[in-house]
$ cat work08.cif   # mmCIF, C-alpha atoms
data_start
loop_
_atom_site.label_atom_id
_atom_site.label_comp_id
_atom_site.auth_asym_id
_atom_site.auth_seq_id
_atom_site.Cartn_x
_atom_site.Cartn_y
_atom_site.Cartn_z
CA MET A 28 18.03 -30.09 118.67
CA THR A 29 20.93 -28.03 119.98
CA ASP A 30 20.62 -25.76 122.99
CA ALA A 31 20.59 -22.73 120.68
CA GLN A 32 17.82 -24.19 118.52
CA THR A 33 15.81 -25.00 121.61
CA ALA A 34 16.27 -21.43 122.85
CA HIS A 35 15.00 -20.06 119.53
CA LEU A 36 11.87 -22.22 119.72
CA GLU A 37 11.40 -21.13 123.34
CA ARG A 38 11.41 -17.53 122.13
CA CYS A 39 8.82 -18.39 119.47
CA ILE A 40 6.55 -19.75 122.21
CA GLU A 41 7.06 -16.54 124.23
CA LEU A 42 6.15 -14.45 121.18
CA ALA A 43 3.07 -16.61 120.57
CA GLU A 44 2.08 -16.02 124.19
CA GLN A 45 2.46 -12.26 123.65
CA ALA A 46 0.22 -12.48 120.58
CA LEU A 47 -2.39 -14.39 122.56
CA LYS A 48 -2.31 -11.82 125.38
CA ALA A 49 -2.88 -9.10 122.75
CA GLY A 50 -6.02 -10.93 121.59
CA ASP A 51 -4.44 -12.45 118.51
CA GLU A 52 -3.79 -15.96 117.25
CA PRO A 53 -0.81 -17.46 119.12
CA PHE A 54 1.99 -17.46 116.57
CA GLY A 55 5.56 -16.22 116.97
CA SER A 56 8.69 -16.47 114.84
CA VAL A 57 12.41 -15.68 114.98
CA LEU A 58 14.81 -15.10 112.07
CA VAL A 59 18.34 -16.31 112.85
CA SER A 60 21.48 -15.77 110.77
CA ALA A 61 23.82 -18.56 109.67
CA ASP A 62 26.12 -17.70 112.59
CA GLY A 63 23.31 -17.86 115.16
CA GLU A 64 22.54 -14.16 115.57
CA VAL A 65 18.88 -13.29 116.09
CA LEU A 66 18.13 -10.85 113.29
CA ARG A 67 14.44 -10.17 113.82
CA GLU A 68 11.45 -11.38 115.83
CA ALA A 69 7.75 -11.14 115.04
CA ARG A 70 4.40 -12.26 116.37
CA ASN A 71 0.98 -12.53 114.84
CA ARG A 72 -0.74 -9.16 114.45
CA ALA A 73 -3.78 -10.17 112.38
CA VAL A 74 -6.03 -8.70 115.10
CA THR A 75 -5.10 -5.29 113.63
CA GLY A 76 -7.66 -5.96 110.90
CA ASP A 77 -5.12 -7.17 108.34
CA PRO A 78 -5.34 -10.97 108.33
CA THR A 79 -2.03 -11.23 106.45
CA GLN A 80 -0.01 -9.95 109.42
CA HIS A 81 1.59 -13.32 110.11
CA PRO A 82 5.06 -13.33 111.71
CA GLU A 83 6.62 -15.54 109.04
CA PHE A 84 5.44 -13.16 106.32
CA GLU A 85 6.82 -10.18 108.25
CA LEU A 86 10.22 -11.87 108.61
CA ALA A 87 10.34 -12.76 104.90
CA ARG A 88 9.49 -9.18 103.94
CA TRP A 89 12.10 -7.76 106.33
CA ALA A 90 14.77 -10.18 105.09
CA ALA A 91 14.06 -9.30 101.44
CA GLN A 92 14.55 -5.62 102.24
CA ASN A 93 17.52 -5.89 104.60
CA LEU A 94 19.66 -8.93 103.78
CA ASP A 95 21.69 -9.89 100.74
CA ASP A 96 21.06 -13.17 98.89
CA ASP A 97 23.71 -15.14 100.77
CA ALA A 98 22.51 -13.97 104.18
CA ARG A 99 18.91 -14.89 103.31
CA ARG A 100 19.91 -18.36 102.06
CA GLY A 101 21.89 -18.98 105.26
CA ALA A 102 19.14 -17.79 107.61
CA THR A 103 16.74 -20.02 109.53
CA VAL A 104 13.17 -19.17 110.47
CA TYR A 105 12.09 -20.69 113.77
CA THR A 106 8.36 -20.54 114.32
CA SER A 107 5.67 -21.76 116.68
CA GLY A 108 3.49 -23.08 113.86
CA GLU A 109 4.14 -24.44 110.39
CA HIS A 110 3.94 -21.76 107.71
CA CYS A 111 0.60 -21.34 105.97
CA PRO A 112 0.70 -21.37 102.15
CA MET A 113 0.96 -17.55 102.04
CA CYS A 114 3.93 -17.50 104.41
CA SER A 115 5.60 -20.46 102.68
CA ALA A 116 5.41 -18.60 99.38
CA ALA A 117 6.79 -15.41 100.95
CA HIS A 118 9.64 -17.44 102.49
CA GLY A 119 10.47 -18.90 99.07
CA TRP A 120 10.19 -15.62 97.16
CA ALA A 121 12.50 -13.96 99.71
CA GLY A 122 15.04 -16.75 99.24
CA LEU A 123 15.24 -17.70 102.91
CA GLY A 124 16.86 -20.92 104.06
CA ARG A 125 15.84 -23.50 106.63
CA ILE A 126 12.57 -23.63 108.60
CA VAL A 127 12.11 -25.14 112.06
CA TYR A 128 8.55 -25.25 113.40
CA ALA A 129 7.13 -26.36 116.73
CA SER A 130 3.69 -27.56 115.58
CA SER A 131 2.28 -28.52 112.20
CA SER A 132 -0.67 -27.23 110.23
CA LYS A 133 -2.05 -30.76 110.32
CA GLN A 134 -1.96 -30.69 114.11
CA LEU A 135 -3.68 -27.31 114.16
CA GLY A 136 -6.45 -28.65 111.94
CA GLU A 137 -6.90 -31.67 114.21
CA TRP A 138 -7.07 -29.48 117.31
CA ARG A 139 -9.64 -27.19 115.67
CA ALA A 140 -11.77 -30.19 114.70
CA GLU A 141 -11.50 -31.58 118.24
CA TRP A 142 -12.80 -28.27 119.61
CA GLY A 143 -15.67 -28.09 117.11
CA LEU A 144 -14.23 -25.18 115.15
CA GLY A 145 -14.62 -24.76 111.43
CA PRO A 146 -11.80 -25.02 108.95
CA LEU A 147 -9.24 -22.29 108.44
CA PRO A 148 -9.99 -19.75 105.67
CA VAL A 149 -7.45 -21.40 103.32
CA ASN A 150 -6.45 -25.01 102.84
CA THR A 151 -3.16 -25.81 104.50
CA ARG A 152 -0.32 -27.62 102.81
CA PRO A 153 2.91 -29.00 104.20
CA ILE A 154 5.74 -26.54 103.61
CA GLU A 155 7.53 -29.16 101.51
CA ASP A 156 4.64 -29.09 99.00
CA ILE A 157 5.27 -25.39 98.36
CA LEU A 158 9.04 -25.26 98.98
CA PRO A 159 10.38 -28.68 97.93
CA LYS A 160 14.04 -27.59 98.08
CA THR A 161 13.89 -26.02 101.55
CA GLU A 162 15.16 -27.91 104.58
CA VAL A 163 12.26 -28.23 107.01
CA VAL A 164 12.27 -29.57 110.58
CA GLY A 165 9.07 -30.07 112.55
CA PRO A 166 6.94 -30.62 114.40
CA VAL A 167 9.21 -30.67 117.43
CA SER A 168 8.00 -32.98 120.19
CA GLY A 169 7.25 -31.20 123.45
CA PHE A 170 7.00 -27.80 121.81
CA ASP A 171 3.94 -28.92 119.84
CA ASP A 172 2.13 -29.67 123.11
CA ARG A 173 2.89 -26.18 124.37
CA VAL A 174 1.58 -24.62 121.16
CA ARG A 175 -1.57 -26.73 121.48
CA ALA A 176 -2.10 -25.33 124.98
CA LEU A 177 -1.90 -21.77 123.62
CA HIS A 178 -4.43 -22.50 120.87
CA ARG A 179 -6.66 -24.21 123.42
CA ARG A 180 -6.63 -21.04 125.51
CA LYS A 181 -7.68 -19.08 122.42
CA HIS A 182 -10.27 -21.45 120.95
CA GLY A 183 -10.70 -24.61 123.01
CA PRO A 184 -13.44 -25.54 125.40
CA GLU A 185 -13.12 -24.37 128.96
CA SER A 186 -11.27 -26.85 131.14
#

$ encode --input "work08.cif" --output "structure tokens"
Amino acid sequence: MTDAQTAHLERCIELAEQALKAGDEPFGSVLVSADGEVLREARNRAVTGDPTQHPEFELARWAAQNLDDDARRGATVYTSGEHCPMCSAAHGWAGLGRIVYASSSKQLGEWRAEWGLGPLPVNTRPIEDILPKTEVVGPVSGFDDRVRALHRRKHGPES
């Protein structure tokens, strides 16, 4: 991981923290151009009553409306948690490039089970199952522990 990539994941954690403070699930994402410019940021907003308000979906929608094909292909989505199937599909339909995630859906499922929570409303799948031609990096050691701590604050047992 380069310093710039680390900084983008740091920002994802900050956005996830903002989501948590707003009463939402702790997810945050950043869309970065091929030359390293931050194009857009988003955090989970499902608490609004629309459970599809995931940051990765928002970034894919924005990119489809605001970037040309080449810019989308060259962009990277950095995110605190691996895309769900809905967000993976949106990423693919928008034609976005690389994905870097801090923690995996598998990890999230394991944490939820550890805390006695039920399954998520949809079955998760690795991004590669939905987007086999997309370069994917994650989970990223160290960042995954920080994401776990955020989810623990939202759903875990009291320490």

$ residues_around --input "work08.cif" --residues "Pro112 of chain A" --least-positions-apart "4" --cutoff "7 Å" --atoms "all atoms listed in the file" --output "PyMOL selection string"
chain A and resi 116+151-152

$ resolve_selection --input "work08.cif" --expression "the PyMOL selection byres ((chain A and resi 73) around 12)" --output "PDB file with C-alpha atoms, in the coordinates of the input"
ATOM      1  CA  ALA A  46       0.220 -12.480 120.580  1.00  0.00           C
ATOM      2  CA  LEU A  47      -2.390 -14.390 122.560  1.00  0.00           C
ATOM      3  CA  ALA A  49      -2.880  -9.100 122.750  1.00  0.00           C
ATOM      4  CA  GLY A  50      -6.020 -10.930 121.590  1.00  0.00           C
ATOM      5  CA  ASP A  51      -4.440 -12.450 118.510  1.00  0.00           C
ATOM      6  CA  GLU A  52      -3.790 -15.960 117.250  1.00  0.00           C
ATOM      7  CA  PRO A  53      -0.810 -17.460 119.120  1.00  0.00           C
ATOM      8  CA  PHE A  54       1.990 -17.460 116.570  1.00  0.00           C
ATOM      9  CA  ALA A  69       7.750 -11.140 115.040  1.00  0.00           C
ATOM     10  CA  ARG A  70       4.400 -12.260 116.370  1.00  0.00           C
ATOM     11  CA  ASN A  71       0.980 -12.530 114.840  1.00  0.00           C
ATOM     12  CA  ARG A  72      -0.740  -9.160 114.450  1.00  0.00           C
ATOM     13  CA  VAL A  74      -6.030  -8.700 115.100  1.00  0.00           C
ATOM     14  CA  THR A  75      -5.100  -5.290 113.630  1.00  0.00           C
ATOM     15  CA  GLY A  76      -7.660  -5.960 110.900  1.00  0.00           C
ATOM     16  CA  ASP A  77      -5.120  -7.170 108.340  1.00  0.00           C
ATOM     17  CA  PRO A  78      -5.340 -10.970 108.330  1.00  0.00           C
ATOM     18  CA  THR A  79      -2.030 -11.230 106.450  1.00  0.00           C
ATOM     19  CA  GLN A  80      -0.010  -9.950 109.420  1.00  0.00           C
ATOM     20  CA  HIS A  81       1.590 -13.320 110.110  1.00  0.00           C
ATOM     21  CA  PRO A  82       5.060 -13.330 111.710  1.00  0.00           C
ATOM     22  CA  PHE A  84       5.440 -13.160 106.320  1.00  0.00           C
ATOM     23  CA  GLU A  85       6.820 -10.180 108.250  1.00  0.00           C
TER      24      GLU A  85
END

$ residues_around --input "work08.cif" --residues "segment 89-99 of chain A" --least-positions-apart "3" --cutoff "12 Å" --atoms "only C-alpha atoms" --output "list in words"
Val57, Leu58, Val59, Ser60, Ala61, Asp62, Gly63, Glu64, Leu66, Arg67, Glu68, Ala69, Pro82, Glu83, Phe84, Glu85, Leu86, Ala102, Thr103, Val104, Ala117, His118, Gly119, Trp120, Ala121, Gly122, Leu123, Gly124 and Arg125 of chain A

$ resolve_selection --input "work08.cif" --expression "the PyMOL selection byres ((chain A and resi 131) around 10)" --output "PyMOL selection string"
chain A and resi 107-111+128-130+132-137+151-154+165-167+171+174

$ atom_distance --input "work08.cif" --atom1 "atom CA of Leu36 of chain A" --atom2 "atom CA of Leu144 of chain A"
26.7 Å

$ axis_aligned_box --input "work08.cif" --around "segment 43-58 of chain A" --padding-each-side "4 Å" --output "lines of an AutoDock Vina configuration file"
center_x = 4.4
center_y = -13.3
center_z = 118.7
size_x = 28.8
size_y = 16.4
size_z = 21.3

$ closest_residue --input "work08.cif" --among "A:Gly55, A:Ile40, A:His35, A:Asp30" --to "Phe170 of chain A" --atoms "all atoms listed in the file"
A:Ile40

$ closest_residue --input "work08.cif" --among "A:Met28, A:Met113, A:Ser56, A:Thr33" --to "Asn150 of chain A" --atoms "all atoms listed in the file"
A:Met113

$ atom_distance --input "work08.cif" --atom1 "atom CA of Val163 of chain A" --atom2 "atom CA of Arg88 of chain A"
19.5 Å

$ atom_distance --input "work08.cif" --atom1 "atom CA of Ala34 of chain A" --atom2 "atom CA of Leu147 of chain A"
29.3 Å

$ decode --input "work08.cif" --residues "segment 105-133 of chain A" --atoms "C-alpha atoms" --output "PDB file, in the first residue's frame"
ATOM      1  CA  TYR A 105     -11.701   2.726  -1.783  1.00  0.00           C
ATOM      2  CA  THR A 106     -14.163   1.518   0.812  1.00  0.00           C
ATOM      3  CA  SER A 107     -14.351   0.482   4.441  1.00  0.00           C
ATOM      4  CA  GLY A 108     -16.218  -2.736   3.647  1.00  0.00           C
ATOM      5  CA  GLU A 109     -16.339  -5.085   0.687  1.00  0.00           C
ATOM      6  CA  HIS A 110     -19.154  -4.260  -1.720  1.00  0.00           C
ATOM      7  CA  CYS A 111     -22.422  -6.105  -1.220  1.00  0.00           C
ATOM      8  CA  PRO A 112     -23.871  -7.795  -4.331  1.00  0.00           C
ATOM      9  CA  MET A 113     -26.021  -4.723  -5.112  1.00  0.00           C
ATOM     10  CA  CYS A 114     -23.031  -2.380  -4.953  1.00  0.00           C
ATOM     11  CA  SER A 115     -20.794  -4.784  -6.891  1.00  0.00           C
ATOM     12  CA  ALA A 116     -23.361  -4.868  -9.683  1.00  0.00           C
ATOM     13  CA  ALA A 117     -23.677  -1.067  -9.688  1.00  0.00           C
ATOM     14  CA  HIS A 118     -19.870  -0.788  -9.838  1.00  0.00           C
ATOM     15  CA  GLY A 119     -19.797  -3.117 -12.841  1.00  0.00           C
ATOM     16  CA  TRP A 120     -22.719  -1.500 -14.674  1.00  0.00           C
ATOM     17  CA  ALA A 121     -21.081   1.919 -14.221  1.00  0.00           C
ATOM     18  CA  GLY A 122     -17.836   0.575 -15.679  1.00  0.00           C
ATOM     19  CA  LEU A 123     -15.663   1.554 -12.732  1.00  0.00           C
ATOM     20  CA  GLY A 124     -12.149   0.205 -12.293  1.00  0.00           C
ATOM     21  CA  ARG A 125     -10.284  -1.109  -9.288  1.00  0.00           C
ATOM     22  CA  ILE A 126     -11.695  -1.705  -5.779  1.00  0.00           C
ATOM     23  CA  VAL A 127      -9.725  -1.543  -2.533  1.00  0.00           C
ATOM     24  CA  TYR A 128     -11.585  -2.529   0.635  1.00  0.00           C
ATOM     25  CA  ALA A 129     -10.572  -2.514   4.282  1.00  0.00           C
ATOM     26  CA  SER A 130     -12.709  -5.422   5.544  1.00  0.00           C
ATOM     27  CA  SER A 131     -14.469  -8.281   3.798  1.00  0.00           C
ATOM     28  CA  SER A 132     -18.083  -9.384   3.761  1.00  0.00           C
ATOM     29  CA  LYS A 133     -16.896 -12.717   5.142  1.00  0.00           C
TER      30      LYS A 133
END
